[in-house]
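Source file: final-v2.cif. Holds: mmCIF, C-alpha atoms.
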```cif
data_protein
#
loop_
_atom_site.group_PDB
_atom_site.id
_atom_site.type_symbol
_atom_site.label_atom_id
_atom_site.label_comp_id
_atom_site.auth_asym_id
_atom_site.auth_seq_id
_atom_site.Cartn_x
_atom_site.Cartn_y
_atom_site.Cartn_z
ATOM 1 C CA MET A 1 -50.466 15.241 13.263
ATOM 2 C CA ARG A 2 -49.757 18.943 13.487
ATOM 3 C CA LYS A 3 -48.076 20.472 16.474
ATOM 4 C CA PRO A 4 -49.979 23.378 18.001
ATOM 5 C CA GLY A 5 -48.270 26.712 17.541
ATOM 6 C CA LEU A 6 -46.166 25.715 14.539
ATOM 7 C CA GLY A 7 -47.119 28.893 12.726
ATOM 8 C CA ARG A 8 -46.382 31.352 15.544
ATOM 9 C CA ALA A 9 -43.126 32.495 13.968
ATOM 10 C CA ALA A 10 -44.682 32.629 10.502
ATOM 11 C CA ARG A 11 -47.498 34.893 11.715
ATOM 12 C CA LEU A 12 -45.007 37.519 12.899
ATOM 13 C CA LYS A 13 -44.127 38.333 9.270
ATOM 14 C CA ARG A 14 -40.398 38.554 9.916
ATOM 15 C CA ALA A 15 -39.140 36.480 7.018
ATOM 16 C CA CYS A 16 -35.895 36.030 5.120
ATOM 17 C CA ASN A 17 -35.475 34.163 1.852
ATOM 18 C CA SER A 18 -32.519 32.452 0.263
ATOM 19 C CA GLY A 19 -32.474 30.454 -2.930
ATOM 20 C CA TYR A 20 -34.063 27.332 -1.465
ATOM 21 C CA PHE A 21 -35.004 28.176 2.120
ATOM 22 C CA THR A 22 -37.302 30.605 3.928
ATOM 23 C CA LEU A 23 -36.727 31.569 7.544
ATOM 24 C CA TYR A 24 -39.423 33.019 9.794
ATOM 25 C CA ALA A 25 -38.234 34.570 13.055
ATOM 26 C CA GLY A 26 -40.277 35.142 16.169
ATOM 27 C CA PHE A 27 -39.205 36.720 19.417
ATOM 28 C CA PRO A 28 -41.398 35.451 22.260
ATOM 29 C CA SER A 29 -40.739 36.456 25.847
ATOM 30 C CA THR A 30 -38.945 33.235 26.806
ATOM 31 C CA LYS A 31 -35.160 32.988 26.903
ATOM 32 C CA LYS A 32 -35.040 29.626 25.094
ATOM 33 C CA GLN A 33 -33.910 29.428 21.478
ATOM 34 C CA GLU A 34 -36.047 27.149 19.348
ATOM 35 C CA LEU A 35 -35.708 25.681 15.846
ATOM 36 C CA ARG A 36 -38.655 24.286 13.913
ATOM 37 C CA LEU A 37 -38.493 22.744 10.464
ATOM 38 C CA ALA A 38 -41.235 22.502 7.836
ATOM 39 C CA PHE A 39 -40.101 20.405 4.901
ATOM 40 C CA GLY A 40 -43.087 19.083 2.968
ATOM 41 C CA ALA A 41 -43.218 16.153 0.574
ATOM 42 C CA ARG A 42 -43.136 18.493 -2.428
ATOM 43 C CA VAL A 43 -39.583 19.522 -1.532
ATOM 44 C CA GLY A 44 -38.119 16.179 -2.541
ATOM 45 C CA THR A 45 -37.799 12.566 -1.582
ATOM 46 C CA ALA A 46 -37.414 11.492 2.039
ATOM 47 C CA PRO A 47 -33.586 11.144 1.863
ATOM 48 C CA VAL A 48 -33.301 14.657 0.411
ATOM 49 C CA ARG A 49 -35.562 16.147 3.093
ATOM 50 C CA ASN A 50 -33.756 14.274 5.876
ATOM 51 C CA LYS A 51 -30.354 15.461 4.628
ATOM 52 C CA ALA A 52 -31.578 19.065 4.562
ATOM 53 C CA LYS A 53 -33.099 18.760 8.046
ATOM 54 C CA ARG A 54 -29.861 17.303 9.438
ATOM 55 C CA MET A 55 -27.904 20.193 7.922
ATOM 56 C CA ALA A 56 -30.324 22.764 9.366
ATOM 57 C CA ARG A 57 -30.165 21.239 12.863
ATOM 58 C CA GLU A 58 -26.375 20.941 12.778
ATOM 59 C CA THR A 59 -25.935 24.503 11.547
ATOM 60 C CA PHE A 60 -28.294 25.772 14.258
ATOM 61 C CA ARG A 61 -26.467 23.799 16.952
ATOM 62 C CA LEU A 62 -23.035 25.052 15.887
ATOM 63 C CA ASN A 63 -24.097 28.693 15.465
ATOM 64 C CA ARG A 64 -26.597 29.025 18.307
ATOM 65 C CA TYR A 65 -24.368 31.475 20.197
ATOM 66 C CA GLN A 66 -24.577 33.965 17.297
ATOM 67 C CA LEU A 67 -28.369 34.210 17.531
ATOM 68 C CA PRO A 68 -30.243 36.359 20.055
ATOM 69 C CA GLU A 69 -31.697 34.764 23.162
ATOM 70 C CA GLY A 70 -35.356 33.850 22.935
ATOM 71 C CA ILE A 71 -35.502 33.573 19.153
ATOM 72 C CA GLU A 72 -37.926 31.118 17.602
ATOM 73 C CA ILE A 73 -36.929 30.076 14.084
ATOM 74 C CA LEU A 74 -39.054 28.269 11.526
ATOM 75 C CA ILE A 75 -37.247 27.120 8.384
ATOM 76 C CA SER A 76 -39.186 25.907 5.379
ATOM 77 C CA ALA A 77 -37.655 24.530 2.198
ATOM 78 C CA LYS A 78 -38.486 25.064 -1.437
ATOM 79 C CA LYS A 79 -38.526 22.619 -4.309
ATOM 80 C CA GLY A 80 -35.115 21.671 -5.694
ATOM 81 C CA ILE A 81 -32.988 21.368 -2.543
ATOM 82 C CA GLY A 82 -31.766 17.989 -3.796
ATOM 83 C CA ALA A 83 -29.533 19.836 -6.275
ATOM 84 C CA LEU A 84 -27.630 21.586 -3.469
ATOM 85 C CA SER A 85 -24.428 20.257 -1.990
ATOM 86 C CA ARG A 86 -23.958 20.146 1.780
ATOM 87 C CA ARG A 87 -21.744 23.227 1.624
ATOM 88 C CA GLU A 88 -24.308 25.226 -0.342
ATOM 89 C CA MET A 89 -27.076 24.218 2.095
ATOM 90 C CA ARG A 90 -24.966 25.231 5.077
ATOM 91 C CA TRP A 91 -24.074 28.627 3.551
ATOM 92 C CA GLN A 92 -27.684 29.412 2.688
ATOM 93 C CA ILE A 93 -28.846 28.550 6.213
ATOM 94 C CA LEU A 94 -26.007 30.580 7.773
ATOM 95 C CA ASP A 95 -26.958 33.526 5.592
ATOM 96 C CA LEU A 96 -30.542 33.240 6.860
ATOM 97 C CA PHE A 97 -29.309 33.194 10.461
ATOM 98 C CA LYS A 98 -27.407 36.455 9.813
ATOM 99 C CA HIS A 99 -30.585 38.041 8.468
ATOM 100 C CA ALA A 100 -32.559 36.770 11.482
ATOM 101 C CA TYR A 101 -30.028 38.428 13.783
ATOM 102 C CA ARG A 102 -30.599 41.735 11.970
ATOM 103 C CA LEU A 103 -34.384 41.330 12.260
ATOM 104 C CA SER A 104 -34.265 40.863 16.022
ATOM 105 C CA PRO A 105 -35.526 43.662 18.260
ATOM 106 C CA PRO A 106 -32.820 45.863 19.807
ATOM 107 C CA SER A 107 -33.374 44.536 23.321
ATOM 108 C CA SER A 108 -32.684 40.920 22.315
ATOM 109 C CA CYS A 109 -29.848 41.568 19.861
ATOM 110 C CA GLU A 110 -27.193 40.679 22.372
ATOM 111 C CA ALA A 111 -26.031 37.131 21.818
ATOM 112 C CA VAL A 112 -24.007 35.546 24.598
ATOM 113 C CA ARG A 113 -21.609 32.668 24.226
ATOM 114 C CA PRO A 114 -22.239 29.736 26.576
ATOM 115 C CA ASP A 115 -18.750 30.025 28.060
ATOM 116 C CA ASP A 116 -19.179 33.760 28.764
ATOM 117 C CA THR A 117 -19.331 34.257 32.517
ATOM 118 C CA SER A 118 -18.939 38.023 32.616
ATOM 119 C CA GLU A 119 -21.535 40.030 34.488
ATOM 120 C CA HIS A 120 -21.606 42.905 31.994
ATOM 121 C CA ARG A 121 -23.789 42.138 28.999
#
```

Could you take the file, read its structure, and then write that structure out as structure tokens?
Amino acid sequence: MRKPGLGRAARLKRACNSGYFTLYAGFPSTKKQELRLAFGARVGTAPVRNKAKRMARETFRLNRYQLPEGIEILISAKKGIGALSRREMRWQILDLFKHAYRLSPPSSCEAVRPDDTSEHR
């Protein structure tokens, strides 16, 4: 069953590519950061897809503070991700996050750490 609105970020045409991953970034008006994953059966076997999804979620969770507020990210994978090590997957996803930060509009470029309590942003 498809979730409604899965392609919202893809329709905005703000995309970044790495060797095995494609990232689509959307900047809706909400302040919530969101990660969506689209790893089809053609990418590899279920264990390979699950490993890649775990790495993407973990990388997003650990680097969330570096991304702008209100970003919606859709990551899709390409065939052959089973050949990547965990380190290579993590570096490719981090590189995509850096590109997504550069694609963000100027008003939402300011990323705030969760422990930042200053009033000046």

Can you list what the PyMOL selection byres ((chain A and resi 38-48) around 9) grabs from this structure, as number ranges by chain? A: 6, 36-37, 49-53, 74-82

Just the residues within 12 Å of Gln92 of chain A, please, counting all atoms listed in the file, with nothing from its chain fewer than 4 positions along; format it as a PDB file with C-alpha atoms, in the frame of the given file.
```
ATOM      1  CA  CYS A  16     -35.895  36.030   5.120  1.00  0.00           C
ATOM      2  CA  ASN A  17     -35.475  34.163   1.852  1.00  0.00           C
ATOM      3  CA  SER A  18     -32.519  32.452   0.263  1.00  0.00           C
ATOM      4  CA  GLY A  19     -32.474  30.454  -2.930  1.00  0.00           C
ATOM      5  CA  TYR A  20     -34.063  27.332  -1.465  1.00  0.00           C
ATOM      6  CA  PHE A  21     -35.004  28.176   2.120  1.00  0.00           C
ATOM      7  CA  THR A  22     -37.302  30.605   3.928  1.00  0.00           C
ATOM      8  CA  LEU A  23     -36.727  31.569   7.544  1.00  0.00           C
ATOM      9  CA  ALA A  52     -31.578  19.065   4.562  1.00  0.00           C
ATOM     10  CA  MET A  55     -27.904  20.193   7.922  1.00  0.00           C
ATOM     11  CA  ALA A  56     -30.324  22.764   9.366  1.00  0.00           C
ATOM     12  CA  THR A  59     -25.935  24.503  11.547  1.00  0.00           C
ATOM     13  CA  ILE A  75     -37.247  27.120   8.384  1.00  0.00           C
ATOM     14  CA  ALA A  77     -37.655  24.530   2.198  1.00  0.00           C
ATOM     15  CA  ILE A  81     -32.988  21.368  -2.543  1.00  0.00           C
ATOM     16  CA  LEU A  84     -27.630  21.586  -3.469  1.00  0.00           C
ATOM     17  CA  SER A  85     -24.428  20.257  -1.990  1.00  0.00           C
ATOM     18  CA  ARG A  86     -23.958  20.146   1.780  1.00  0.00           C
ATOM     19  CA  ARG A  87     -21.744  23.227   1.624  1.00  0.00           C
ATOM     20  CA  GLU A  88     -24.308  25.226  -0.342  1.00  0.00           C
ATOM     21  CA  LEU A  96     -30.542  33.240   6.860  1.00  0.00           C
ATOM     22  CA  PHE A  97     -29.309  33.194  10.461  1.00  0.00           C
ATOM     23  CA  LYS A  98     -27.407  36.455   9.813  1.00  0.00           C
ATOM     24  CA  HIS A  99     -30.585  38.041   8.468  1.00  0.00           C
TER      25      HIS A  99
END
```

What's the separation between atom CA of Thr30 of chain A and atom CA of Met89 of chain A, in Å to one decimal place?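 These two atoms are separated by 28.9 Å.
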
Could the centre and edge lengths of an axis-aligned box, enclosing all atoms of segment 54-73 of chain A in the file with 4 Å extra on each side, be given in Å to one decimal as lines of an AutoDock Vina configuration file?
```
center_x = -30.5
center_y = 26.8
center_z = 15.5
size_x = 22.9
size_y = 27.1
size_z = 23.2
```

Atom-to-atom span, atom CA of Glu58 of chain A and atom CA of Ile73 of chain A, Å: 14.0 Å

Expand the PyMOL selection byres ((chain A and resi 32) around 12) into the individual residues it matches in the shown file, reporting them as a list in words. Gly26, Phe27, Pro28, Ser29, Thr30, Lys31, Gln33, Glu34, Leu35, Arg64, Tyr65, Leu67, Pro68, Glu69, Gly70, Ile71, Glu72, Ile73 and Ser108 of chain A

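Comparing the minimum interatomic distances between Arg54 of chain A and each of A:Ala83, A:Ala100, A:Ile93, A:Ala15, counting all atoms listed in the file, we find that A:Ile93 sits nearest.
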